[in-house]
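Visitor: Provided below: query18.cif, containing mmCIF, N, CA and C atoms.
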data_run
loop_
_atom_site.label_atom_id
_atom_site.label_comp_id
_atom_site.auth_asym_id
_atom_site.auth_seq_id
_atom_site.Cartn_x
_atom_site.Cartn_y
_atom_site.Cartn_z
N MET Y 1 81.87 136.89 48.75
CA MET Y 1 81.98 137.76 49.90
C MET Y 1 82.25 139.17 49.43
N HIS Y 2 81.51 140.09 49.96
CA HIS Y 2 81.63 141.49 49.60
C HIS Y 2 82.59 142.18 50.55
N ARG Y 3 83.54 142.93 50.02
CA ARG Y 3 84.46 143.71 50.86
C ARG Y 3 83.74 144.93 51.39
N ASP Y 4 84.21 145.41 52.52
CA ASP Y 4 83.57 146.62 53.03
C ASP Y 4 84.04 147.82 52.22
N HIS Y 5 83.54 148.97 52.54
CA HIS Y 5 83.76 150.16 51.74
C HIS Y 5 84.93 151.02 52.22
N LEU Y 6 85.69 150.57 53.22
CA LEU Y 6 86.83 151.34 53.68
C LEU Y 6 88.00 151.13 52.72
N THR Y 7 88.76 152.17 52.53
CA THR Y 7 89.95 152.08 51.70
C THR Y 7 91.02 151.34 52.49
N GLU Y 8 91.63 150.39 51.85
CA GLU Y 8 92.66 149.60 52.52
C GLU Y 8 93.91 150.43 52.74
N ASP Y 9 94.38 150.48 53.97
CA ASP Y 9 95.61 151.15 54.34
C ASP Y 9 96.74 150.15 54.16
N LEU Y 10 97.63 150.43 53.21
CA LEU Y 10 98.69 149.48 52.90
C LEU Y 10 99.69 149.30 54.03
N THR Y 11 99.72 150.23 55.01
CA THR Y 11 100.63 150.10 56.13
C THR Y 11 99.96 149.43 57.33
N ALA Y 12 98.66 149.17 57.24
CA ALA Y 12 97.93 148.58 58.36
C ALA Y 12 98.40 147.16 58.62
N GLN Y 13 98.35 146.77 59.86
CA GLN Y 13 98.70 145.41 60.26
C GLN Y 13 97.43 144.57 60.25
N TRP Y 14 97.38 143.56 59.39
CA TRP Y 14 96.22 142.68 59.31
C TRP Y 14 96.35 141.57 60.35
N THR Y 15 95.24 141.33 61.04
CA THR Y 15 95.20 140.29 62.07
C THR Y 15 94.07 139.32 61.75
N GLU Y 16 94.38 138.03 61.77
CA GLU Y 16 93.34 137.02 61.57
C GLU Y 16 92.52 136.92 62.85
N VAL Y 17 91.20 137.00 62.70
CA VAL Y 17 90.31 137.01 63.87
C VAL Y 17 89.70 135.64 64.12
N CYS Y 18 89.04 135.08 63.12
CA CYS Y 18 88.35 133.80 63.28
C CYS Y 18 87.85 133.34 61.92
N ALA Y 19 87.19 132.19 61.88
CA ALA Y 19 86.51 131.76 60.67
C ALA Y 19 85.21 132.53 60.53
N LEU Y 20 84.84 132.86 59.31
CA LEU Y 20 83.57 133.55 59.10
C LEU Y 20 82.42 132.72 59.67
N ALA Y 21 82.50 131.42 59.55
CA ALA Y 21 81.45 130.54 60.06
C ALA Y 21 81.31 130.60 61.58
N ASP Y 22 82.32 131.14 62.27
CA ASP Y 22 82.25 131.27 63.73
C ASP Y 22 81.38 132.44 64.17
N ILE Y 23 81.04 133.34 63.25
CA ILE Y 23 80.20 134.49 63.58
C ILE Y 23 78.82 134.25 63.00
N VAL Y 24 77.84 134.07 63.86
CA VAL Y 24 76.47 133.86 63.41
C VAL Y 24 76.05 135.07 62.58
N PRO Y 25 75.44 134.86 61.41
CA PRO Y 25 75.01 136.02 60.60
C PRO Y 25 74.15 136.99 61.40
N ASN Y 26 74.42 138.27 61.15
CA ASN Y 26 73.72 139.39 61.80
C ASN Y 26 73.96 139.48 63.30
N THR Y 27 75.18 139.08 63.69
CA THR Y 27 75.64 139.27 65.06
C THR Y 27 77.10 139.73 65.01
N GLY Y 28 77.63 140.02 66.19
CA GLY Y 28 79.02 140.44 66.29
C GLY Y 28 79.77 139.63 67.32
N VAL Y 29 81.08 139.73 67.24
CA VAL Y 29 81.98 139.14 68.23
C VAL Y 29 83.01 140.21 68.59
N CYS Y 30 83.65 140.01 69.71
CA CYS Y 30 84.72 140.93 70.11
C CYS Y 30 86.05 140.22 69.91
N ALA Y 31 87.00 140.93 69.31
CA ALA Y 31 88.35 140.40 69.11
C ALA Y 31 89.35 141.33 69.77
N LEU Y 32 90.32 140.77 70.43
CA LEU Y 32 91.40 141.56 71.01
C LEU Y 32 92.52 141.62 69.97
N ILE Y 33 92.75 142.81 69.46
CA ILE Y 33 93.79 143.02 68.45
C ILE Y 33 94.81 143.96 69.07
N GLY Y 34 95.99 143.41 69.34
CA GLY Y 34 96.97 144.18 70.10
C GLY Y 34 96.40 144.38 71.49
N ASP Y 35 96.25 145.64 71.88
CA ASP Y 35 95.67 145.92 73.20
C ASP Y 35 94.30 146.57 73.09
N GLN Y 36 93.67 146.49 71.92
CA GLN Y 36 92.35 147.11 71.79
C GLN Y 36 91.29 146.09 71.40
N GLN Y 37 90.08 146.34 71.91
CA GLN Y 37 88.95 145.48 71.59
C GLN Y 37 88.28 146.00 70.33
N VAL Y 38 88.03 145.09 69.39
CA VAL Y 38 87.39 145.44 68.12
C VAL Y 38 86.12 144.60 68.00
N ALA Y 39 85.01 145.26 67.68
CA ALA Y 39 83.74 144.58 67.44
C ALA Y 39 83.67 144.22 65.96
N VAL Y 40 83.55 142.93 65.67
CA VAL Y 40 83.53 142.43 64.29
C VAL Y 40 82.14 141.85 64.02
N PHE Y 41 81.51 142.32 62.95
CA PHE Y 41 80.13 141.94 62.65
C PHE Y 41 80.04 141.21 61.31
N HIS Y 42 79.23 140.16 61.29
CA HIS Y 42 78.92 139.43 60.06
C HIS Y 42 77.50 139.82 59.69
N VAL Y 43 77.37 140.66 58.68
CA VAL Y 43 76.07 141.17 58.26
C VAL Y 43 75.66 140.43 56.99
N PHE Y 44 74.49 139.80 57.03
CA PHE Y 44 73.98 139.10 55.85
C PHE Y 44 72.78 139.86 55.31
N ASP Y 45 72.88 140.29 54.05
CA ASP Y 45 71.79 140.99 53.36
C ASP Y 45 70.99 139.96 52.59
N SER Y 46 69.82 139.60 53.12
CA SER Y 46 69.02 138.55 52.50
C SER Y 46 68.44 138.99 51.15
N ARG Y 47 68.26 140.29 50.95
CA ARG Y 47 67.74 140.77 49.66
C ARG Y 47 68.74 140.52 48.54
N GLN Y 48 70.00 140.77 48.81
CA GLN Y 48 71.04 140.62 47.79
C GLN Y 48 71.83 139.32 47.95
N GLN Y 49 71.50 138.53 48.97
CA GLN Y 49 72.20 137.28 49.24
C GLN Y 49 73.71 137.51 49.33
N GLU Y 50 74.10 138.56 50.08
CA GLU Y 50 75.52 138.90 50.25
C GLU Y 50 75.86 139.01 51.73
N SER Y 51 77.08 138.62 52.05
CA SER Y 51 77.62 138.81 53.40
C SER Y 51 78.60 139.97 53.38
N HIS Y 52 78.64 140.69 54.48
CA HIS Y 52 79.61 141.75 54.70
C HIS Y 52 80.23 141.51 56.07
N VAL Y 53 81.50 141.79 56.19
CA VAL Y 53 82.15 141.78 57.49
C VAL Y 53 82.60 143.21 57.75
N LEU Y 54 82.17 143.75 58.88
CA LEU Y 54 82.46 145.14 59.23
C LEU Y 54 83.03 145.17 60.64
N ALA Y 55 83.89 146.14 60.92
CA ALA Y 55 84.52 146.20 62.24
C ALA Y 55 84.62 147.64 62.72
N ILE Y 56 84.29 147.83 63.99
CA ILE Y 56 84.43 149.13 64.66
C ILE Y 56 85.03 148.88 66.04
N ASN Y 57 85.46 149.95 66.68
CA ASN Y 57 85.95 149.84 68.04
C ASN Y 57 84.82 149.33 68.93
N ASN Y 58 85.12 148.47 69.87
CA ASN Y 58 84.10 147.86 70.73
C ASN Y 58 83.66 148.78 71.87
N TYR Y 59 84.40 149.85 72.14
CA TYR Y 59 84.14 150.72 73.29
C TYR Y 59 83.05 151.74 72.96
N ASP Y 60 81.97 151.72 73.73
CA ASP Y 60 80.88 152.70 73.57
C ASP Y 60 81.17 153.89 74.48
N PRO Y 61 81.54 155.05 73.90
CA PRO Y 61 81.86 156.20 74.74
C PRO Y 61 80.65 156.77 75.47
N ASN Y 62 79.45 156.50 75.00
CA ASN Y 62 78.25 156.99 75.69
C ASN Y 62 78.06 156.26 77.02
N ALA Y 63 78.28 154.96 77.02
CA ALA Y 63 78.11 154.14 78.22
C ALA Y 63 79.41 153.94 78.99
N GLU Y 64 80.53 154.33 78.38
CA GLU Y 64 81.85 154.10 78.95
C GLU Y 64 82.06 152.62 79.27
N ALA Y 65 81.70 151.78 78.27
CA ALA Y 65 81.82 150.33 78.44
C ALA Y 65 82.13 149.69 77.08
N ALA Y 66 82.85 148.59 77.12
CA ALA Y 66 83.21 147.85 75.90
C ALA Y 66 82.10 146.84 75.60
N VAL Y 67 81.07 147.29 74.86
CA VAL Y 67 79.86 146.47 74.68
C VAL Y 67 79.32 146.43 73.26
N LEU Y 68 79.89 147.17 72.32
CA LEU Y 68 79.25 147.30 71.01
C LEU Y 68 79.12 145.97 70.27
N SER Y 69 80.02 145.03 70.49
CA SER Y 69 79.93 143.74 69.79
C SER Y 69 78.66 142.98 70.18
N ARG Y 70 78.05 143.34 71.31
CA ARG Y 70 76.84 142.66 71.76
C ARG Y 70 75.56 143.41 71.37
N GLY Y 71 75.71 144.47 70.57
CA GLY Y 71 74.54 145.25 70.17
C GLY Y 71 73.74 144.58 69.07
N LEU Y 72 72.57 145.15 68.80
CA LEU Y 72 71.68 144.63 67.76
C LEU Y 72 71.97 145.32 66.43
N ILE Y 73 72.10 144.52 65.38
CA ILE Y 73 72.36 145.04 64.03
C ILE Y 73 71.02 145.36 63.37
N GLY Y 74 71.00 146.48 62.67
CA GLY Y 74 69.81 146.88 61.93
C GLY Y 74 70.18 147.88 60.87
N SER Y 75 69.19 148.57 60.36
CA SER Y 75 69.47 149.62 59.37
C SER Y 75 68.61 150.82 59.68
N LEU Y 76 69.16 151.97 59.41
CA LEU Y 76 68.45 153.25 59.48
C LEU Y 76 68.63 153.88 58.12
N GLY Y 77 67.57 153.88 57.32
CA GLY Y 77 67.71 154.31 55.93
C GLY Y 77 68.63 153.35 55.22
N GLU Y 78 69.64 153.89 54.57
CA GLU Y 78 70.62 153.06 53.85
C GLU Y 78 71.79 152.64 54.73
N ARG Y 79 71.83 153.10 55.97
CA ARG Y 79 72.96 152.81 56.84
C ARG Y 79 72.77 151.50 57.59
N ILE Y 80 73.84 150.69 57.65
CA ILE Y 80 73.87 149.51 58.49
C ILE Y 80 74.44 149.95 59.83
N VAL Y 81 73.71 149.69 60.90
CA VAL Y 81 74.10 150.20 62.22
C VAL Y 81 74.06 149.07 63.25
N VAL Y 82 74.72 149.34 64.37
CA VAL Y 82 74.56 148.53 65.56
C VAL Y 82 74.03 149.46 66.64
N ALA Y 83 73.02 148.98 67.38
CA ALA Y 83 72.48 149.73 68.52
C ALA Y 83 73.20 149.26 69.77
N SER Y 84 73.79 150.18 70.49
CA SER Y 84 74.49 149.82 71.70
C SER Y 84 73.52 149.15 72.68
N PRO Y 85 73.96 148.07 73.33
CA PRO Y 85 73.07 147.41 74.28
C PRO Y 85 72.83 148.23 75.55
N MET Y 86 73.59 149.29 75.76
CA MET Y 86 73.43 150.08 76.98
C MET Y 86 72.36 151.17 76.81
N TYR Y 87 72.65 152.17 76.00
CA TYR Y 87 71.75 153.32 75.88
C TYR Y 87 71.11 153.42 74.51
N LYS Y 88 71.36 152.44 73.66
CA LYS Y 88 70.70 152.30 72.35
C LYS Y 88 71.13 153.31 71.29
N GLN Y 89 72.23 154.03 71.48
CA GLN Y 89 72.74 154.87 70.42
C GLN Y 89 73.13 153.98 69.25
N HIS Y 90 73.00 154.52 68.04
CA HIS Y 90 73.29 153.78 66.82
C HIS Y 90 74.65 154.17 66.26
N PHE Y 91 75.46 153.17 65.92
CA PHE Y 91 76.77 153.38 65.33
C PHE Y 91 76.76 152.81 63.92
N ASP Y 92 77.15 153.64 62.94
CA ASP Y 92 77.24 153.21 61.55
C ASP Y 92 78.40 152.22 61.45
N LEU Y 93 78.13 151.02 60.94
CA LEU Y 93 79.16 149.99 60.89
C LEU Y 93 80.20 150.22 59.79
N HIS Y 94 79.91 151.11 58.84
CA HIS Y 94 80.91 151.41 57.81
C HIS Y 94 81.87 152.51 58.27
N THR Y 95 81.37 153.46 59.06
CA THR Y 95 82.17 154.63 59.41
C THR Y 95 82.48 154.76 60.90
N GLY Y 96 81.71 154.10 61.76
CA GLY Y 96 81.87 154.26 63.20
C GLY Y 96 81.12 155.45 63.76
N GLU Y 97 80.45 156.21 62.91
CA GLU Y 97 79.75 157.42 63.37
C GLU Y 97 78.61 157.07 64.32
N CYS Y 98 78.56 157.78 65.45
CA CYS Y 98 77.43 157.66 66.38
C CYS Y 98 76.37 158.64 65.87
N LEU Y 99 75.22 158.12 65.45
CA LEU Y 99 74.23 158.96 64.80
C LEU Y 99 73.59 159.96 65.76
N GLU Y 100 73.39 159.59 67.00
CA GLU Y 100 72.75 160.49 67.96
C GLU Y 100 73.73 161.49 68.58
N VAL Y 101 74.97 161.08 68.77
CA VAL Y 101 75.98 161.92 69.43
C VAL Y 101 77.27 161.82 68.61
N PRO Y 102 77.35 162.55 67.48
CA PRO Y 102 78.49 162.39 66.57
C PRO Y 102 79.86 162.56 67.24
N GLN Y 103 79.95 163.37 68.28
CA GLN Y 103 81.25 163.53 68.94
C GLN Y 103 81.66 162.27 69.70
N HIS Y 104 80.77 161.28 69.81
CA HIS Y 104 81.10 160.01 70.44
C HIS Y 104 81.27 158.89 69.42
N SER Y 105 81.62 159.25 68.21
CA SER Y 105 81.86 158.26 67.16
C SER Y 105 83.09 157.43 67.51
N VAL Y 106 83.19 156.26 66.90
CA VAL Y 106 84.31 155.34 67.16
C VAL Y 106 85.03 155.05 65.85
N ALA Y 107 86.19 154.44 65.96
CA ALA Y 107 86.97 154.09 64.77
C ALA Y 107 86.32 152.91 64.04
N ALA Y 108 86.43 152.92 62.72
CA ALA Y 108 86.03 151.80 61.88
C ALA Y 108 87.30 151.24 61.24
N TYR Y 109 87.30 149.93 61.00
CA TYR Y 109 88.51 149.28 60.50
C TYR Y 109 88.24 148.50 59.22
N PRO Y 110 89.22 148.47 58.31
CA PRO Y 110 89.09 147.64 57.11
C PRO Y 110 89.01 146.16 57.49
N THR Y 111 88.25 145.42 56.72
CA THR Y 111 88.13 143.98 56.92
C THR Y 111 88.28 143.26 55.59
N ARG Y 112 88.57 141.99 55.68
CA ARG Y 112 88.56 141.16 54.48
C ARG Y 112 88.31 139.72 54.92
N VAL Y 113 87.83 138.92 53.99
CA VAL Y 113 87.65 137.49 54.22
C VAL Y 113 88.46 136.78 53.17
N THR Y 114 89.38 135.94 53.62
CA THR Y 114 90.25 135.18 52.74
C THR Y 114 90.18 133.71 53.12
N ASN Y 115 89.81 132.86 52.17
CA ASN Y 115 89.70 131.42 52.43
C ASN Y 115 88.83 131.13 53.66
N GLY Y 116 87.74 131.89 53.78
CA GLY Y 116 86.79 131.66 54.87
C GLY Y 116 87.23 132.19 56.21
N ARG Y 117 88.35 132.91 56.25
CA ARG Y 117 88.88 133.47 57.51
C ARG Y 117 88.70 134.99 57.50
N VAL Y 118 88.30 135.55 58.65
CA VAL Y 118 88.08 136.99 58.80
C VAL Y 118 89.38 137.64 59.26
N TRP Y 119 89.73 138.74 58.57
CA TRP Y 119 90.92 139.53 58.90
C TRP Y 119 90.49 140.98 59.13
N VAL Y 120 91.14 141.63 60.10
CA VAL Y 120 90.88 143.04 60.40
C VAL Y 120 92.20 143.78 60.44
N ALA Y 121 92.22 144.98 59.86
CA ALA Y 121 93.39 145.85 59.93
C ALA Y 121 93.12 146.91 60.97
N ALA Y 122 93.79 146.80 62.09
CA ALA Y 122 93.57 147.76 63.19
C ALA Y 122 94.91 148.19 63.76
#
Starting from the file, give its structure as structure tokens.
Guide:
Amino acid sequence: MHRDHLTEDLTAQWTEVCALADIVPNTGVCALIGDQQVAVFHVFDSRQQESHVLAINNYDPNAEAAVLSRGLIGSLGERIVVASPMYKQHFDLHTGECLEVPQHSVAAYPTRVTNGRVWVAA
């Protein structure tokens, strides 16, 4: 399992979300962590035979709806993105940046997989 590229915040609170096997590859799920919704994605790179788990805030500020976990995963150049199911803006899954409307970017969170379980620091 490949770790994501975010620097781990040693003060962050890690929350167990689910088993990695519970997330179909190349889809997302929504997890309630504290009082916020987090979109957690299981991205499988078939070229490198590697899995990545990435997490961003689930709230799409363009649509004003909590829907990003239901978006379609793809790539734009070297970026792994999710397209919002509402207005199709693309969010970088490593950084949370909204490519079309940068001022509507969302938070990205560190993730890890331990013993087949997905953890998010949010």
Visitor: Which residue gives the smallest distance to Gly74 in chain Y among Y:Thr15, Y:Asn26, Y:Pro61, Y:Leu99, with only N, CA and C atoms counted?
Guide: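 Nearest to Gly74 in chain Y: Y:Asn26.
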Visitor: Select, counting only C-alpha atoms, all protein, DNA and RNA residues no farther than 12 Å from (78.1, 149.2, 57.4) in file coordinates, and express the selection as a compact mmCIF listing (two decimals) with N, CA and C atoms, in the frame of the given file.
Guide:
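Okay, this is what ended up in part.txt:
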# COMPACT_ATOMS: atom_id res chain seq x y z
N HIS Y 2 81.51 140.09 49.96
CA HIS Y 2 81.63 141.49 49.60
C HIS Y 2 82.59 142.18 50.55
N ARG Y 3 83.54 142.93 50.02
CA ARG Y 3 84.46 143.71 50.86
C ARG Y 3 83.74 144.93 51.39
N ASP Y 4 84.21 145.41 52.52
CA ASP Y 4 83.57 146.62 53.03
C ASP Y 4 84.04 147.82 52.22
N HIS Y 5 83.54 148.97 52.54
CA HIS Y 5 83.76 150.16 51.74
C HIS Y 5 84.93 151.02 52.22
N LEU Y 6 85.69 150.57 53.22
CA LEU Y 6 86.83 151.34 53.68
C LEU Y 6 88.00 151.13 52.72
N ASN Y 26 74.42 138.27 61.15
CA ASN Y 26 73.72 139.39 61.80
C ASN Y 26 73.96 139.48 63.30
N VAL Y 40 83.55 142.93 65.67
CA VAL Y 40 83.53 142.43 64.29
C VAL Y 40 82.14 141.85 64.02
N PHE Y 41 81.51 142.32 62.95
CA PHE Y 41 80.13 141.94 62.65
C PHE Y 41 80.04 141.21 61.31
N HIS Y 42 79.23 140.16 61.29
CA HIS Y 42 78.92 139.43 60.06
C HIS Y 42 77.50 139.82 59.69
N VAL Y 43 77.37 140.66 58.68
CA VAL Y 43 76.07 141.17 58.26
C VAL Y 43 75.66 140.43 56.99
N PHE Y 44 74.49 139.80 57.03
CA PHE Y 44 73.98 139.10 55.85
C PHE Y 44 72.78 139.86 55.31
N ASP Y 45 72.88 140.29 54.05
CA ASP Y 45 71.79 140.99 53.36
C ASP Y 45 70.99 139.96 52.59
N SER Y 51 77.08 138.62 52.05
CA SER Y 51 77.62 138.81 53.40
C SER Y 51 78.60 139.97 53.38
N HIS Y 52 78.64 140.69 54.48
CA HIS Y 52 79.61 141.75 54.70
C HIS Y 52 80.23 141.51 56.07
N VAL Y 53 81.50 141.79 56.19
CA VAL Y 53 82.15 141.78 57.49
C VAL Y 53 82.60 143.21 57.75
N LEU Y 54 82.17 143.75 58.88
CA LEU Y 54 82.46 145.14 59.23
C LEU Y 54 83.03 145.17 60.64
N ALA Y 55 83.89 146.14 60.92
CA ALA Y 55 84.52 146.20 62.24
C ALA Y 55 84.62 147.64 62.72
N ILE Y 56 84.29 147.83 63.99
CA ILE Y 56 84.43 149.13 64.66
C ILE Y 56 85.03 148.88 66.04
N ILE Y 73 72.10 144.52 65.38
CA ILE Y 73 72.36 145.04 64.03
C ILE Y 73 71.02 145.36 63.37
N GLY Y 74 71.00 146.48 62.67
CA GLY Y 74 69.81 146.88 61.93
C GLY Y 74 70.18 147.88 60.87
N SER Y 75 69.19 148.57 60.36
CA SER Y 75 69.47 149.62 59.37
C SER Y 75 68.61 150.82 59.68
N LEU Y 76 69.16 151.97 59.41
CA LEU Y 76 68.45 153.25 59.48
C LEU Y 76 68.63 153.88 58.12
N GLY Y 77 67.57 153.88 57.32
CA GLY Y 77 67.71 154.31 55.93
C GLY Y 77 68.63 153.35 55.22
N GLU Y 78 69.64 153.89 54.57
CA GLU Y 78 70.62 153.06 53.85
C GLU Y 78 71.79 152.64 54.73
N ARG Y 79 71.83 153.10 55.97
CA ARG Y 79 72.96 152.81 56.84
C ARG Y 79 72.77 151.50 57.59
N ILE Y 80 73.84 150.69 57.65
CA ILE Y 80 73.87 149.51 58.49
C ILE Y 80 74.44 149.95 59.83
N VAL Y 81 73.71 149.69 60.90
CA VAL Y 81 74.10 150.20 62.22
C VAL Y 81 74.06 149.07 63.25
N VAL Y 82 74.72 149.34 64.37
CA VAL Y 82 74.56 148.53 65.56
C VAL Y 82 74.03 149.46 66.64
N HIS Y 90 73.00 154.52 68.04
CA HIS Y 90 73.29 153.78 66.82
C HIS Y 90 74.65 154.17 66.26
N PHE Y 91 75.46 153.17 65.92
CA PHE Y 91 76.77 153.38 65.33
C PHE Y 91 76.76 152.81 63.92
N ASP Y 92 77.15 153.64 62.94
CA ASP Y 92 77.24 153.21 61.55
C ASP Y 92 78.40 152.22 61.45
N LEU Y 93 78.13 151.02 60.94
CA LEU Y 93 79.16 149.99 60.89
C LEU Y 93 80.20 150.22 59.79
N HIS Y 94 79.91 151.11 58.84
CA HIS Y 94 80.91 151.41 57.81
C HIS Y 94 81.87 152.51 58.27
N THR Y 95 81.37 153.46 59.06
CA THR Y 95 82.17 154.63 59.41
C THR Y 95 82.48 154.76 60.90
N GLY Y 96 81.71 154.10 61.76
CA GLY Y 96 81.87 154.26 63.20
C GLY Y 96 81.12 155.45 63.76
N GLU Y 97 80.45 156.21 62.91
CA GLU Y 97 79.75 157.42 63.37
C GLU Y 97 78.61 157.07 64.32
N ALA Y 108 86.43 152.92 62.72
CA ALA Y 108 86.03 151.80 61.88
C ALA Y 108 87.30 151.24 61.24
N TYR Y 109 87.30 149.93 61.00
CA TYR Y 109 88.51 149.28 60.50
C TYR Y 109 88.24 148.50 59.22
N PRO Y 110 89.22 148.47 58.31
CA PRO Y 110 89.09 147.64 57.11
C PRO Y 110 89.01 146.16 57.49
N THR Y 111 88.25 145.42 56.72
CA THR Y 111 88.13 143.98 56.92
C THR Y 111 88.28 143.26 55.59
Visitor: Which is closest to Ala83 in chain Y among Y:Asp22, Y:Ala107, Y:Gln48, Y:Gly28, if we use only C-alpha atoms?
Guide: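 Once distances to Ala83 in chain Y are computed over only C-alpha atoms, the minimum belongs to Y:Gly28.
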Visitor: Please enclose the listed atoms of range 29-40 of chain Y in an axis-aligned box, pad each side by 4 Å, and write out the centre and the three edge lengths in Å, rounded to one decimal, as lines of an AutoDock Vina configuration file.
Guide:
center_x = 89.0
center_y = 143.1
center_z = 68.6
size_x = 23.9
size_y = 16.0
size_z = 17.2
Visitor: Would you please work out which residue, of Y:Ala122, Y:Ala31, Y:Gly116, Y:Gln89, is nearest to Val101 in chain Y when using all atoms listed in the file?
Guide: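 With all atoms listed in the file as the atom set, the closest residue is Y:Gln89.
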Visitor: Considering all atoms listed in the file, state which residue in the set Y:Ser84, Y:Gln37, Y:Gln13, Y:Asn57 is at the smallest distance from Val120 in chain Y.
Guide: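 Nearest to Val120 in chain Y: Y:Gln13.
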Visitor: Hey, can you check how far atom N of Ala12 in chain Y sits from atom N of Asn62 in chain Y?
Guide: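 Rounded to one decimal, the two atoms are 27.2 Å apart.
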Visitor: Taking the block above, write range 57-63 of chain Y with all heavy atoms as a PDB file, in the first residue's frame.
Guide:
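Produced file part33.pdb, reproduced below:
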ATOM      1  N   ASN Y  57     -12.259  16.981   1.860  1.00  0.00           N
ATOM      2  CA  ASN Y  57     -13.556  17.357   2.408  1.00  0.00           C
ATOM      3  C   ASN Y  57     -14.639  16.957   1.415  1.00  0.00           C
ATOM      4  O   ASN Y  57     -14.455  17.079   0.212  1.00  0.00           O
ATOM      5  CB  ASN Y  57     -13.582  18.862   2.673  1.00  0.00           C
ATOM      6  CG  ASN Y  57     -14.786  19.260   3.484  1.00  0.00           C
ATOM      7  OD1 ASN Y  57     -15.909  19.235   2.995  1.00  0.00           O
ATOM      8  ND2 ASN Y  57     -14.553  19.641   4.724  1.00  0.00           N
ATOM      9  N   ASN Y  58     -15.761  16.468   1.897  1.00  0.00           N
ATOM     10  CA  ASN Y  58     -16.840  15.994   1.025  1.00  0.00           C
ATOM     11  C   ASN Y  58     -17.700  17.122   0.472  1.00  0.00           C
ATOM     12  O   ASN Y  58     -18.447  16.935  -0.480  1.00  0.00           O
ATOM     13  CB  ASN Y  58     -17.729  15.005   1.796  1.00  0.00           C
ATOM     14  CG  ASN Y  58     -18.682  14.262   0.894  1.00  0.00           C
ATOM     15  OD1 ASN Y  58     -18.302  13.764  -0.153  1.00  0.00           O
ATOM     16  ND2 ASN Y  58     -19.930  14.178   1.312  1.00  0.00           N
ATOM     17  N   TYR Y  59     -17.597  18.325   1.022  1.00  0.00           N
ATOM     18  CA  TYR Y  59     -18.466  19.446   0.647  1.00  0.00           C
ATOM     19  C   TYR Y  59     -17.952  20.135  -0.613  1.00  0.00           C
ATOM     20  O   TYR Y  59     -16.818  20.619  -0.645  1.00  0.00           O
ATOM     21  CB  TYR Y  59     -18.552  20.448   1.803  1.00  0.00           C
ATOM     22  CG  TYR Y  59     -19.490  21.594   1.533  1.00  0.00           C
ATOM     23  CD1 TYR Y  59     -20.867  21.413   1.640  1.00  0.00           C
ATOM     24  CD2 TYR Y  59     -19.011  22.839   1.179  1.00  0.00           C
ATOM     25  CE1 TYR Y  59     -21.740  22.459   1.403  1.00  0.00           C
ATOM     26  CE2 TYR Y  59     -19.875  23.892   0.945  1.00  0.00           C
ATOM     27  CZ  TYR Y  59     -21.239  23.699   1.053  1.00  0.00           C
ATOM     28  OH  TYR Y  59     -22.101  24.740   0.812  1.00  0.00           O
ATOM     29  N   ASP Y  60     -18.776  20.179  -1.647  1.00  0.00           N
ATOM     30  CA  ASP Y  60     -18.443  20.885  -2.890  1.00  0.00           C
ATOM     31  C   ASP Y  60     -18.948  22.318  -2.782  1.00  0.00           C
ATOM     32  O   ASP Y  60     -20.155  22.555  -2.832  1.00  0.00           O
ATOM     33  CB  ASP Y  60     -19.100  20.178  -4.084  1.00  0.00           C
ATOM     34  CG  ASP Y  60     -18.858  20.879  -5.412  1.00  0.00           C
ATOM     35  OD1 ASP Y  60     -18.261  21.972  -5.436  1.00  0.00           O
ATOM     36  OD2 ASP Y  60     -19.271  20.318  -6.440  1.00  0.00           O
ATOM     37  N   PRO Y  61     -18.036  23.298  -2.638  1.00  0.00           N
ATOM     38  CA  PRO Y  61     -18.478  24.679  -2.491  1.00  0.00           C
ATOM     39  C   PRO Y  61     -19.118  25.244  -3.759  1.00  0.00           C
ATOM     40  O   PRO Y  61     -19.875  26.211  -3.691  1.00  0.00           O
ATOM     41  CB  PRO Y  61     -17.206  25.456  -2.134  1.00  0.00           C
ATOM     42  CG  PRO Y  61     -16.078  24.518  -2.295  1.00  0.00           C
ATOM     43  CD  PRO Y  61     -16.605  23.145  -2.495  1.00  0.00           C
ATOM     44  N   ASN Y  62     -18.842  24.666  -4.908  1.00  0.00           N
ATOM     45  CA  ASN Y  62     -19.460  25.140  -6.153  1.00  0.00           C
ATOM     46  C   ASN Y  62     -20.957  24.811  -6.174  1.00  0.00           C
ATOM     47  O   ASN Y  62     -21.771  25.620  -6.591  1.00  0.00           O
ATOM     48  CB  ASN Y  62     -18.781  24.487  -7.363  1.00  0.00           C
ATOM     49  CG  ASN Y  62     -17.308  24.801  -7.412  1.00  0.00           C
ATOM     50  OD1 ASN Y  62     -16.902  25.927  -7.633  1.00  0.00           O
ATOM     51  ND2 ASN Y  62     -16.471  23.793  -7.176  1.00  0.00           N
ATOM     52  N   ALA Y  63     -21.309  23.623  -5.727  1.00  0.00           N
ATOM     53  CA  ALA Y  63     -22.698  23.173  -5.717  1.00  0.00           C
ATOM     54  C   ALA Y  63     -23.384  23.416  -4.378  1.00  0.00           C
ATOM     55  O   ALA Y  63     -24.596  23.251  -4.261  1.00  0.00           O
ATOM     56  CB  ALA Y  63     -22.757  21.683  -6.035  1.00  0.00           C
TER      57      ALA Y  63
END
